[in-house]
$ cat data_34.pdb   # PDB, C-alpha atoms
MODEL        1
ATOM      1  CA  MET A   1     101.817 102.496  74.413
ATOM      2  CA  LYS A   2     104.351 103.539  77.014
ATOM      3  CA  ARG A   3     103.060 104.373  80.462
ATOM      4  CA  ARG A   4     103.939 107.737  81.909
ATOM      5  CA  PRO A   5     106.364 107.670  84.825
ATOM      6  CA  ASN A   6     104.664 107.095  88.148
ATOM      7  CA  GLN A   7     106.301 109.441  90.633
ATOM      8  CA  ARG A   8     103.700 109.067  93.333
ATOM      9  CA  THR A   9     104.822 108.266  96.823
ATOM     10  CA  VAL A  10     104.380 104.615  97.775
ATOM     11  CA  SER A  11     103.499 103.595 101.309
ATOM     12  CA  TYR A  12     104.318 100.351 103.032
ATOM     13  CA  ARG A  13     103.417  99.035 106.442
ATOM     14  CA  PRO A  14     105.946  96.830 108.274
ATOM     15  CA  ILE A  15     104.955  93.146 108.447
ATOM     16  CA  GLY A  16     107.200  92.407 111.402
ATOM     17  CA  VAL A  17     110.328  93.357 113.279
ATOM     18  CA  ILE A  18     113.863  91.953 113.246
ATOM     19  CA  HIS A  19     115.582  91.316 116.569
ATOM     20  CA  THR A  20     119.381  91.174 116.543
ATOM     21  CA  PRO A  21     122.247  91.655 118.996
ATOM     22  CA  HIS A  22     123.318  94.810 117.107
ATOM     23  CA  TYR A  23     122.153  97.801 119.133
ATOM     24  CA  ALA A  24     124.203 100.536 117.439
ATOM     25  CA  PRO A  25     125.906 100.993 114.054
ATOM     26  CA  ASP A  26     129.383 100.893 115.581
ATOM     27  CA  GLY A  27     130.726  97.380 115.161
ATOM     28  CA  THR A  28     127.730  95.958 113.286
ATOM     29  CA  PRO A  29     128.772  93.646 110.404
ATOM     30  CA  ILE A  30     128.111  95.336 107.062
ATOM     31  CA  GLN A  31     126.900  92.199 105.261
ATOM     32  CA  PRO A  32     125.550  88.733 106.196
ATOM     33  CA  ARG A  33     128.803  87.340 104.756
ATOM     34  CA  PHE A  34     130.640  89.142 107.566
ATOM     35  CA  ALA A  35     128.113  88.080 110.228
ATOM     36  CA  LYS A  36     128.368  84.308 110.016
ATOM     37  CA  GLY A  37     126.709  82.580 112.934
ATOM     38  CA  ILE A  38     125.384  85.741 114.610
ATOM     39  CA  GLU A  39     121.806  84.852 115.519
ATOM     40  CA  GLY A  40     118.593  86.823 115.626
ATOM     41  CA  THR A  41     114.859  86.392 115.231
ATOM     42  CA  VAL A  42     112.202  87.698 112.901
ATOM     43  CA  GLU A  43     108.889  88.387 114.573
ATOM     44  CA  VAL A  44     106.242  88.387 111.866
ATOM     45  CA  PHE A  45     103.051  90.142 112.936
ATOM     46  CA  GLU A  46     100.381  87.525 113.514
ATOM     47  CA  GLN A  47      98.070  88.524 110.699
ATOM     48  CA  TYR A  48     100.784  87.353 108.248
ATOM     49  CA  THR A  49     101.599  83.983 109.861
ATOM     50  CA  GLU A  50      99.567  82.107 107.235
ATOM     51  CA  GLY A  51     102.021  83.289 104.572
ATOM     52  CA  LEU A  52     104.922  81.496 106.307
ATOM     53  CA  LYS A  53     103.800  78.023 105.226
ATOM     54  CA  ASP A  54     106.565  76.201 103.270
ATOM     55  CA  VAL A  55     109.193  78.779 104.281
ATOM     56  CA  ASP A  56     110.910  76.126 106.415
ATOM     57  CA  GLY A  57     112.087  74.302 103.291
ATOM     58  CA  PHE A  58     114.524  77.059 102.420
ATOM     59  CA  GLU A  59     118.086  77.312 103.672
ATOM     60  CA  ARG A  60     118.303  81.064 103.233
ATOM     61  CA  LEU A  61     115.807  83.928 103.004
ATOM     62  CA  TRP A  62     115.964  87.454 101.670
ATOM     63  CA  LEU A  63     114.801  89.950 104.250
ATOM     64  CA  LEU A  64     113.786  93.372 102.942
ATOM     65  CA  TYR A  65     113.623  96.000 105.640
ATOM     66  CA  HIS A  66     113.392  99.704 106.319
ATOM     67  CA  LEU A  67     116.661 101.274 107.479
ATOM     68  CA  ASP A  68     114.789 103.317 110.057
ATOM     69  CA  ARG A  69     117.751 105.024 111.671
ATOM     70  CA  ILE A  70     118.911 106.736 108.487
ATOM     71  CA  LYS A  71     118.147 110.428 108.575
ATOM     72  CA  GLU A  72     119.641 111.752 105.345
ATOM     73  CA  THR A  73     120.474 110.831 101.780
ATOM     74  CA  ARG A  74     123.990 111.261 100.426
ATOM     75  CA  LEU A  75     124.682 110.613  96.750
ATOM     76  CA  ARG A  76     128.481 110.479  97.095
ATOM     77  CA  ILE A  77     129.991 108.557  99.990
ATOM     78  CA  VAL A  78     133.132 106.728 101.101
ATOM     79  CA  PRO A  79     131.965 103.117 101.641
ATOM     80  CA  TYR A  80     133.011 101.191 104.745
ATOM     81  CA  MET A  81     135.319  98.964 102.695
ATOM     82  CA  ASP A  82     136.947 101.716 100.675
ATOM     83  CA  THR A  83     138.880 104.967 101.050
ATOM     84  CA  PHE A  84     137.591 106.670  97.869
ATOM     85  CA  GLU A  85     134.362 108.522  97.328
ATOM     86  CA  ARG A  86     131.879 106.499  95.277
ATOM     87  CA  GLY A  87     128.463 107.072  93.779
ATOM     88  CA  LEU A  88     125.841 105.867  96.260
ATOM     89  CA  PHE A  89     124.221 103.434  93.794
ATOM     90  CA  ALA A  90     127.597 101.722  93.312
ATOM     91  CA  THR A  91     127.571 100.929  97.052
ATOM     92  CA  ARG A  92     125.389  99.227  99.642
ATOM     93  CA  ALA A  93     125.638 102.168 102.048
ATOM     94  CA  PRO A  94     122.416 102.818 103.997
ATOM     95  CA  CYS A  95     122.007 106.578 103.347
ATOM     96  CA  ARG A  96     119.818 105.975 100.278
ATOM     97  CA  PRO A  97     116.913 108.051  98.894
ATOM     98  CA  ASN A  98     114.681 105.081  99.760
ATOM     99  CA  PRO A  99     116.490 103.362 102.636
ATOM    100  CA  ILE A 100     115.542  99.749 101.936
ATOM    101  CA  GLY A 101     118.023  97.107 103.053
ATOM    102  CA  ILE A 102     118.252  93.571 101.694
ATOM    103  CA  SER A 103     120.014  90.738 103.514
ATOM    104  CA  CYS A 104     120.234  87.071 102.674
ATOM    105  CA  VAL A 105     120.109  85.376 106.079
ATOM    106  CA  ARG A 106     120.288  81.729 107.070
ATOM    107  CA  LEU A 107     117.078  80.146 108.330
ATOM    108  CA  LEU A 108     117.505  78.056 111.477
ATOM    109  CA  GLY A 109     113.876  77.322 112.245
ATOM    110  CA  VAL A 110     110.269  78.454 112.135
ATOM    111  CA  GLU A 111     107.997  78.411 115.171
ATOM    112  CA  GLY A 112     104.590  79.933 114.552
ATOM    113  CA  ASN A 113     105.152  83.541 113.589
ATOM    114  CA  VAL A 114     108.821  83.612 114.638
ATOM    115  CA  LEU A 115     111.799  82.772 112.436
ATOM    116  CA  ARG A 116     115.126  81.944 114.031
ATOM    117  CA  ILE A 117     117.859  83.206 111.734
ATOM    118  CA  ALA A 118     121.637  83.591 111.543
ATOM    119  CA  ASP A 119     124.107  85.857 109.703
ATOM    120  CA  VAL A 120     122.238  88.983 110.786
ATOM    121  CA  ASP A 121     123.676  92.369 109.810
ATOM    122  CA  MET A 122     120.824  94.736 110.634
ATOM    123  CA  LEU A 123     120.181  96.776 113.763
ATOM    124  CA  ASP A 124     117.874  95.471 116.489
ATOM    125  CA  GLY A 125     114.290  96.606 116.042
ATOM    126  CA  THR A 126     114.530  97.093 112.276
ATOM    127  CA  PRO A 127     111.056  97.113 110.659
ATOM    128  CA  LEU A 128     110.562  94.194 108.256
ATOM    129  CA  LEU A 129     108.954  94.882 104.864
ATOM    130  CA  ASP A 130     109.118  91.534 103.075
ATOM    131  CA  ILE A 131     110.476  87.980 103.166
ATOM    132  CA  LYS A 132     111.386  86.149  99.954
ATOM    133  CA  PRO A 133     112.975  82.711  99.599
ATOM    134  CA  TYR A 134     116.577  82.629  98.370
ATOM    135  CA  VAL A 135     116.565  80.381  95.320
ATOM    136  CA  ALA A 136     120.117  79.704  94.135
ATOM    137  CA  ARG A 137     118.975  79.135  90.569
ATOM    138  CA  PHE A 138     117.432  82.623  90.526
ATOM    139  CA  ASP A 139     119.773  84.614  92.747
ATOM    140  CA  SER A 140     123.297  83.266  92.428
ATOM    141  CA  TRP A 141     125.181  84.912  89.549
ATOM    142  CA  ASP A 142     128.834  84.306  88.907
ATOM    143  CA  THR A 143     129.790  87.866  87.995
ATOM    144  CA  GLN A 144     133.370  88.514  86.912
ATOM    145  CA  ARG A 145     133.246  92.294  87.293
ATOM    146  CA  ASN A 146     132.224  93.596  90.705
ATOM    147  CA  GLY A 147     133.297  97.206  90.267
ATOM    148  CA  TRP A 148     135.461  98.919  92.835
ATOM    149  CA  THR A 149     135.156  95.949  95.205
ATOM    150  CA  ASP A 150     137.429  93.930  92.901
ATOM    151  CA  ARG A 151     140.354  96.242  93.565
ATOM    152  CA  LEU A 152     140.355  96.346  97.354
ATOM    153  CA  PRO A 153     143.505  95.372  99.218
ATOM    154  CA  ALA A 154     143.243  91.914 100.773
ATOM    155  CA  ASP A 155     142.993  93.261 104.320
ATOM    156  CA  ARG A 156     139.805  95.156 103.504
ATOM    157  CA  LYS A 157     138.278  92.128 101.783
ATOM    158  CA  ARG A 158     138.559  90.005 104.877
ATOM    159  CA  GLU A 159     135.487  88.898 106.771
ATOM    160  CA  GLY A 160     135.866  91.462 109.490
ATOM    161  CA  THR A 161     134.453  94.647 108.072
ATOM    162  CA  ARG A 162     132.190  96.433 110.543
ATOM    163  CA  ALA A 163     130.113  99.552 110.363
ATOM    164  CA  ASP A 164     130.833 102.808 112.138
ATOM    165  CA  ARG A 165     128.827 105.984 112.664
ATOM    166  CA  ARG A 166     129.569 107.680 109.376
ATOM    167  CA  PHE A 167     126.008 107.341 108.021
ATOM    168  CA  HIS A 168     124.128 107.881 111.278
TER
ATOM    169  CA  MET B 169     117.518  97.832 125.801
ATOM    170  CA  LYS B 170     115.267  96.415 123.132
ATOM    171  CA  ARG B 171     113.442  98.877 120.916
ATOM    172  CA  ARG B 172     109.684  98.592 120.624
ATOM    173  CA  PRO B 173     108.396  97.424 117.251
ATOM    174  CA  ASN B 174     107.997 100.251 114.769
ATOM    175  CA  GLN B 175     104.719  99.657 112.955
ATOM    176  CA  ARG B 176     104.520 103.079 111.382
ATOM    177  CA  THR B 177     103.880 103.341 107.685
ATOM    178  CA  VAL B 178     106.993 104.092 105.657
ATOM    179  CA  SER B 179     106.841 106.225 102.527
ATOM    180  CA  TYR B 180     109.138 106.096  99.554
ATOM    181  CA  ARG B 181     109.318 108.200  96.445
ATOM    182  CA  PRO B 182     110.355 106.542  93.165
ATOM    183  CA  ILE B 183     113.851 107.525  91.983
ATOM    184  CA  GLY B 184     113.193 106.542  88.382
ATOM    185  CA  VAL B 185     111.226 104.351  86.041
ATOM    186  CA  ILE B 186     112.031 101.053  84.323
ATOM    187  CA  HIS B 187     111.224 100.707  80.635
ATOM    188  CA  THR B 188     110.822  97.175  79.283
ATOM    189  CA  PRO B 189     109.114  95.423  76.362
ATOM    190  CA  HIS B 190     106.692  93.730  78.800
ATOM    191  CA  TYR B 191     103.383  95.576  78.577
ATOM    192  CA  ALA B 192     101.135  93.043  80.344
ATOM    193  CA  PRO B 193     101.640  90.216  82.845
ATOM    194  CA  ASP B 194     100.710  87.547  80.298
ATOM    195  CA  GLY B 195     103.924  86.152  78.883
ATOM    196  CA  THR B 196     106.323  88.213  80.999
ATOM    197  CA  PRO B 197     109.309  86.168  82.251
ATOM    198  CA  ILE B 198     109.004  85.526  85.987
ATOM    199  CA  GLN B 199     112.696  85.978  86.781
ATOM    200  CA  PRO B 200     115.782  87.566  85.146
ATOM    201  CA  ARG B 201     117.113  84.006  84.731
ATOM    202  CA  PHE B 202     114.220  83.350  82.346
ATOM    203  CA  ALA B 203     114.629  86.705  80.538
ATOM    204  CA  LYS B 204     118.168  86.365  79.223
ATOM    205  CA  GLY B 205     118.993  89.000  76.628
ATOM    206  CA  ILE B 206     115.674  90.864  76.835
ATOM    207  CA  GLU B 207     116.704  94.512  76.967
ATOM    208  CA  GLY B 208     115.287  97.547  78.727
ATOM    209  CA  THR B 209     116.364 100.859  80.190
ATOM    210  CA  VAL B 210     116.328 102.452  83.603
ATOM    211  CA  GLU B 211     115.586 106.163  83.568
ATOM    212  CA  VAL B 212     116.908 107.596  86.814
ATOM    213  CA  PHE B 213     115.368 110.955  87.656
ATOM    214  CA  GLU B 214     117.988 113.647  87.101
ATOM    215  CA  GLN B 215     118.353 114.735  90.693
ATOM    216  CA  TYR B 216     119.900 111.302  91.428
ATOM    217  CA  THR B 217     122.348 111.129  88.497
ATOM    218  CA  GLU B 218     125.281 112.037  90.762
ATOM    219  CA  GLY B 219     124.762 108.758  92.636
ATOM    220  CA  LEU B 220     125.411 106.712  89.483
ATOM    221  CA  LYS B 221     129.169 107.335  89.502
ATOM    222  CA  ASP B 222     131.126 104.031  89.541
ATOM    223  CA  VAL B 223     128.018 101.990  88.719
ATOM    224  CA  ASP B 224     129.491 101.187  85.294
ATOM    225  CA  GLY B 225     132.097  98.922  86.902
ATOM    226  CA  PHE B 226     129.493  96.341  87.839
ATOM    227  CA  GLU B 227     128.311  93.507  85.622
ATOM    228  CA  ARG B 228     124.960  93.163  87.325
ATOM    229  CA  LEU B 229     122.741  95.397  89.453
ATOM    230  CA  TRP B 230     119.901  94.765  91.872
ATOM    231  CA  LEU B 231     116.861  96.808  90.997
ATOM    232  CA  LEU B 232     114.286  97.271  93.748
ATOM    233  CA  TYR B 233     110.939  98.442  92.475
ATOM    234  CA  HIS B 234     107.303  98.924  93.356
ATOM    235  CA  LEU B 235     104.978  96.332  91.805
ATOM    236  CA  ASP B 236     102.466  99.038  91.000
ATOM    237  CA  ARG B 237      99.897  96.892  89.227
ATOM    238  CA  ILE B 238      99.253  94.635  92.212
ATOM    239  CA  LYS B 239      95.908  95.412  93.808
ATOM    240  CA  GLU B 240      95.569  92.810  96.546
ATOM    241  CA  THR B 241      97.545  90.702  98.986
ATOM    242  CA  ARG B 242      97.124  86.929  99.095
ATOM    243  CA  LEU B 243      98.900  84.907 101.763
ATOM    244  CA  ARG B 244      98.364  81.504 100.105
ATOM    245  CA  ILE B 245      98.922  81.181  96.370
ATOM    246  CA  VAL B 246      99.777  78.677  93.653
ATOM    247  CA  PRO B 247     103.099  79.960  92.231
ATOM    248  CA  TYR B 248     103.673  80.148  88.485
ATOM    249  CA  MET B 249     106.115  77.223  88.611
ATOM    250  CA  ASP B 250     104.027  74.970  90.826
ATOM    251  CA  THR B 251     100.616  73.320  91.049
ATOM    252  CA  PHE B 252     100.323  73.336  94.863
ATOM    253  CA  GLU B 253      99.248  76.137  97.153
ATOM    254  CA  ARG B 254     102.190  77.671  99.008
ATOM    255  CA  GLY B 255     102.660  80.283 101.682
ATOM    256  CA  LEU B 256     103.294  83.631 100.001
ATOM    257  CA  PHE B 257     106.632  84.209 101.769
ATOM    258  CA  ALA B 258     107.911  80.892 100.374
ATOM    259  CA  THR B 259     107.353  82.302  96.877
ATOM    260  CA  ARG B 260     108.334  85.292  94.758
ATOM    261  CA  ALA B 261     104.749  85.967  93.703
ATOM    262  CA  PRO B 262     103.942  89.694  93.386
ATOM    263  CA  CYS B 263     100.724  89.843  95.498
ATOM    264  CA  ARG B 264     102.658  90.722  98.671
ATOM    265  CA  PRO B 265     101.638  92.892 101.639
ATOM    266  CA  ASN B 266     104.408  95.275 100.549
ATOM    267  CA  PRO B 267     104.743  94.672  96.805
ATOM    268  CA  ILE B 268     108.476  95.287  96.388
ATOM    269  CA  GLY B 269     110.192  93.389  93.575
ATOM    270  CA  ILE B 270     113.911  92.667  93.347
ATOM    271  CA  SER B 271     115.650  91.710  90.109
ATOM    272  CA  CYS B 272     119.312  91.173  89.386
ATOM    273  CA  VAL B 273     119.720  92.563  85.854
ATOM    274  CA  ARG B 274     122.737  92.758  83.582
ATOM    275  CA  LEU B 275     124.218  96.201  83.018
ATOM    276  CA  LEU B 276     125.011  96.975  79.371
ATOM    277  CA  GLY B 277     125.948 100.634  79.703
ATOM    278  CA  VAL B 278     125.449 103.929  81.477
ATOM    279  CA  GLU B 279     124.779 107.191  79.629
ATOM    280  CA  GLY B 280     124.060 110.108  81.916
ATOM    281  CA  ASN B 281     120.944 109.244  83.893
ATOM    282  CA  VAL B 282     120.013 106.237  81.746
ATOM    283  CA  LEU B 283     121.130 102.640  82.293
ATOM    284  CA  ARG B 284     120.864 100.148  79.464
ATOM    285  CA  ILE B 285     120.094  96.762  80.968
ATOM    286  CA  ALA B 286     119.272  93.195  79.972
ATOM    287  CA  ASP B 287     117.453  90.215  81.544
ATOM    288  CA  VAL B 288     114.440  92.352  82.422
ATOM    289  CA  ASP B 289     111.428  90.663  84.046
ATOM    290  CA  MET B 290     109.356  93.641  85.200
ATOM    291  CA  LEU B 291     106.472  95.408  83.488
ATOM    292  CA  ASP B 292     107.063  98.556  81.461
ATOM    293  CA  GLY B 293     106.684 101.714  83.525
ATOM    294  CA  THR B 294     107.511 100.084  86.858
ATOM    295  CA  PRO B 295     108.546 102.696  89.460
ATOM    296  CA  LEU B 296     112.151 102.259  90.599
ATOM    297  CA  LEU B 297     112.911 102.475  94.319
ATOM    298  CA  ASP B 298     116.617 101.643  94.554
ATOM    299  CA  ILE B 299     119.685 100.402  92.683
ATOM    300  CA  LYS B 300     122.365  98.353  94.439
ATOM    301  CA  PRO B 301     125.451  96.738  92.915
ATOM    302  CA  TYR B 302     125.434  92.947  92.696
ATOM    303  CA  VAL B 303     128.567  91.797  94.483
ATOM    304  CA  ALA B 304     129.096  88.053  94.012
ATOM    305  CA  ARG B 305     131.023  87.778  97.265
ATOM    306  CA  PHE B 306     128.026  89.220  99.154
ATOM    307  CA  ASP B 307     125.079  87.876  97.169
ATOM    308  CA  SER B 308     125.936  84.489  95.728
ATOM    309  CA  TRP B 309     125.131  81.676  98.164
ATOM    310  CA  ASP B 310     125.410  78.039  97.244
ATOM    311  CA  THR B 311     122.282  76.816  99.011
ATOM    312  CA  GLN B 312     121.543  73.117  98.946
ATOM    313  CA  ARG B 313     117.910  73.375 100.093
ATOM    314  CA  ASN B 314     115.692  75.599  97.992
ATOM    315  CA  GLY B 315     112.341  74.452  99.348
ATOM    316  CA  TRP B 316     109.541  73.401  97.038
ATOM    317  CA  THR B 317     111.519  74.567  93.989
ATOM    318  CA  ASP B 318     113.865  71.581  94.429
ATOM    319  CA  ARG B 319     111.078  69.134  93.726
ATOM    320  CA  LEU B 320     109.671  70.554  90.493
ATOM    321  CA  PRO B 321     109.485  68.328  87.425
ATOM    322  CA  ALA B 322     112.208  69.171  84.897
ATOM    323  CA  ASP B 323     109.771  70.734  82.430
ATOM    324  CA  ARG B 324     108.762  73.383  84.954
ATOM    325  CA  LYS B 325     112.371  74.154  85.848
ATOM    326  CA  ARG B 326     113.205  75.035  82.285
ATOM    327  CA  GLU B 327     114.027  78.583  81.304
ATOM    328  CA  GLY B 328     110.669  79.255  79.783
ATOM    329  CA  THR B 329     108.384  80.026  82.676
ATOM    330  CA  ARG B 330     106.212  83.055  82.009
ATOM    331  CA  ALA B 331     103.665  84.942  84.061
ATOM    332  CA  ASP B 332      99.917  84.932  83.486
ATOM    333  CA  ARG B 333      97.082  86.998  84.928
ATOM    334  CA  ARG B 334      96.542  85.076  88.136
ATOM    335  CA  PHE B 335      97.843  87.868  90.396
ATOM    336  CA  HIS B 336      96.489  90.833  88.431
TER
ENDMDL
END

$ encode --input "data_34.pdb" --output "structure tokens"
Amino acid sequence: MKRRPNQRTVSYRPIGVIHTPHYAPDGTPIQPRFAKGIEGTVEVFEQYTEGLKDVDGFERLWLLYHLDRIKETRLRIVPYMDTFERGLFATRAPCRPNPIGISCVRLLGVEGNVLRIADVDMLDGTPLLDIKPYVARFDSWDTQRNGWTDRLPADRKREGTRADRRFH
Amino acid sequence: MKRRPNQRTVSYRPIGVIHTPHYAPDGTPIQPRFAKGIEGTVEVFEQYTEGLKDVDGFERLWLLYHLDRIKETRLRIVPYMDTFERGLFATRAPCRPNPIGISCVRLLGVEGNVLRIADVDMLDGTPLLDIKPYVARFDSWDTQRNGWTDRLPADRKREGTRADRRFH
């Protein structure tokens, strides 16, 4: 028997906060891949520290976070890397109906309830929703077709793409 | 100037619903990697259809969804693939403080507001929160250390791991 769609609002409470050297959208790297070596910390609220056991064995972690400086949803946008308008769900732009960001960051160390991380691409003070281990066997897919990103000129594929204020 | 931690509750409204042949946790694959070829559909609510433009160019998509059948949080658990207790954030177990699931599924086709997908590992009726394109250049990391999952016996690494009721 099929369940009826659940359209109820869901509520989450941040489990921590992400500290980074990115204080404004302008100039912030748009992906961890473009933020290599930029360091930050994750402060996990103390009541969740127990859940961090064994995290130190992983090279990378997924951080899921609330894009708390996004004020509006736009379903058609020009992505940072492109000059054409695209459907929002074909992009990683932050102006989403549910502004949840995901970033695969490098783990440098764990000390109590604080994670030292690198490759940070989120704004300072971003509320953390979840931490999951990056497991290459689960998460690394060798896709041949990556949509509009396959057809970008080489200069826009380079590891220098930064955000600007267009979504803020 | 550092921003103070934002501990306010965040609220999201589902943008669609995921239909799969998995009606109960027992026997459901625990990851898309273990669900190869199992088909489902994503019904995106019509007000968001406009955002699906260009999605058809991507081979795989990230689905972010609310694990709506999880009733409690546990910070130490024995994962499906293991026999030792682990910290929750070192696992992908669903009993999380904020039960958000992420799955990288294969896109088979787009027809209006419906996506046909494969490699589905979520329960039927799961509320959808977001869709993001999988971009190999952003998301595929060749990690050498994958924590406790590196030390599993071969029989538990095989592509047959299924869920049971332990978290429900």

$ interface_residues --input "data_34.pdb" --of "chain A" --to "chain B" --cutoff "7 Å" --atoms "all atoms listed in the file" --output "PyMOL selection string"
chain A and resi 3-14+17+31+33+50-55+57-59+75-76+86-92+98+125+127+129-133+135-136+138-143+145-148

$ closest_residue --input "data_34.pdb" --among "B:Pro321, B:Pro262, B:Pro247, B:Arg334" --to "Met290 (chain B)" --atoms "all atoms listed in the file"
B:Pro262

$ axis_aligned_box --input "data_34.pdb" --around "region 132-146 of chain A" --padding-each-side "4 Å" --output "AutoDock Vina command-line options"
--center_x 122.4 --center_y 86.4 --center_z 93.4 --size_x 30.0 --size_y 22.5 --size_z 21.0

$ resolve_selection --input "data_34.pdb" --expression "the PyMOL selection byres ((chain A and resi 162) around 7)" --output "ChimeraX atom specification"
/A:27-30,160-161,163-164

$ atom_distance --input "data_34.pdb" --atom1 "CA of Leu291 (chain B)" --atom2 "CA of Lys204 (chain B)"
15.4 Å

$ atom_distance --input "data_34.pdb" --atom1 "CA of Gly205 (chain B)" --atom2 "CA of Val278 (chain B)"
17.0 Å

$ resolve_selection --input "data_34.pdb" --expression "the PyMOL selection byres ((chain B and resi 281) around 6)" --output "MDAnalysis selection string"
chainID B and resid 212 217 280 282

$ write_last_selection --input "data_34.pdb" --atoms "C-alpha atoms" --output "PDB file, in the coordinates of the input"
ATOM      1  CA  VAL B 212     116.908 107.596  86.814  1.00  0.00           C
ATOM      2  CA  THR B 217     122.348 111.129  88.497  1.00  0.00           C
ATOM      3  CA  GLY B 280     124.060 110.108  81.916  1.00  0.00           C
ATOM      4  CA  VAL B 282     120.013 106.237  81.746  1.00  0.00           C
TER       5      VAL B 282
END

$ atom_distance --input "data_34.pdb" --atom1 "CA of Met81 (chain A)" --atom2 "CA of Ile38 (chain A)"
20.4 Å

$ decode --input "data_34.pdb" --residues "region 35-53 of chain A" --atoms "N, CA and C atoms" --output "compact mmCIF listing (two decimals), in the first residue's frame"
# COMPACT_ATOMS: atom_id res chain seq x y z
N ALA A 35 38.59 25.13 -2.72
CA ALA A 35 38.96 25.73 -1.43
C ALA A 35 40.09 24.95 -0.77
N LYS A 36 40.90 24.29 -1.60
CA LYS A 36 41.90 23.38 -1.04
C LYS A 36 42.83 24.06 -0.05
N GLY A 37 42.91 23.49 1.14
CA GLY A 37 43.82 23.98 2.15
C GLY A 37 43.27 25.10 3.02
N ILE A 38 42.13 25.66 2.67
CA ILE A 38 41.54 26.71 3.52
C ILE A 38 40.93 26.05 4.75
N GLU A 39 41.42 26.46 5.93
CA GLU A 39 41.06 25.75 7.16
C GLU A 39 39.92 26.40 7.93
N GLY A 40 39.23 25.58 8.68
CA GLY A 40 38.16 26.04 9.55
C GLY A 40 37.99 25.05 10.69
N THR A 41 36.97 25.28 11.51
CA THR A 41 36.67 24.35 12.58
C THR A 41 35.16 24.10 12.63
N VAL A 42 34.83 22.92 13.12
CA VAL A 42 33.43 22.61 13.41
C VAL A 42 33.31 22.49 14.91
N GLU A 43 32.47 23.32 15.48
CA GLU A 43 32.18 23.24 16.91
C GLU A 43 30.87 22.48 17.06
N VAL A 44 30.99 21.26 17.56
CA VAL A 44 29.79 20.44 17.78
C VAL A 44 29.29 20.73 19.19
N PHE A 45 28.02 21.00 19.34
CA PHE A 45 27.50 21.31 20.68
C PHE A 45 27.72 20.10 21.58
N GLU A 46 28.05 20.38 22.85
CA GLU A 46 28.61 19.34 23.71
C GLU A 46 27.73 18.12 23.91
N GLN A 47 26.43 18.32 23.84
CA GLN A 47 25.54 17.16 24.06
C GLN A 47 25.69 16.11 22.95
N TYR A 48 26.39 16.44 21.86
CA TYR A 48 26.55 15.48 20.75
C TYR A 48 27.96 14.89 20.67
N THR A 49 28.84 15.30 21.58
CA THR A 49 30.25 14.89 21.51
C THR A 49 30.40 13.36 21.46
N GLU A 50 29.57 12.67 22.21
CA GLU A 50 29.62 11.20 22.26
C GLU A 50 29.50 10.57 20.86
N GLY A 51 28.78 11.23 19.97
CA GLY A 51 28.59 10.70 18.62
C GLY A 51 29.79 10.87 17.72
N LEU A 52 30.85 11.55 18.22
CA LEU A 52 32.04 11.78 17.39
C LEU A 52 33.07 10.66 17.47
N LYS A 53 32.84 9.69 18.35
CA LYS A 53 33.75 8.55 18.44
C LYS A 53 33.94 7.92 17.06
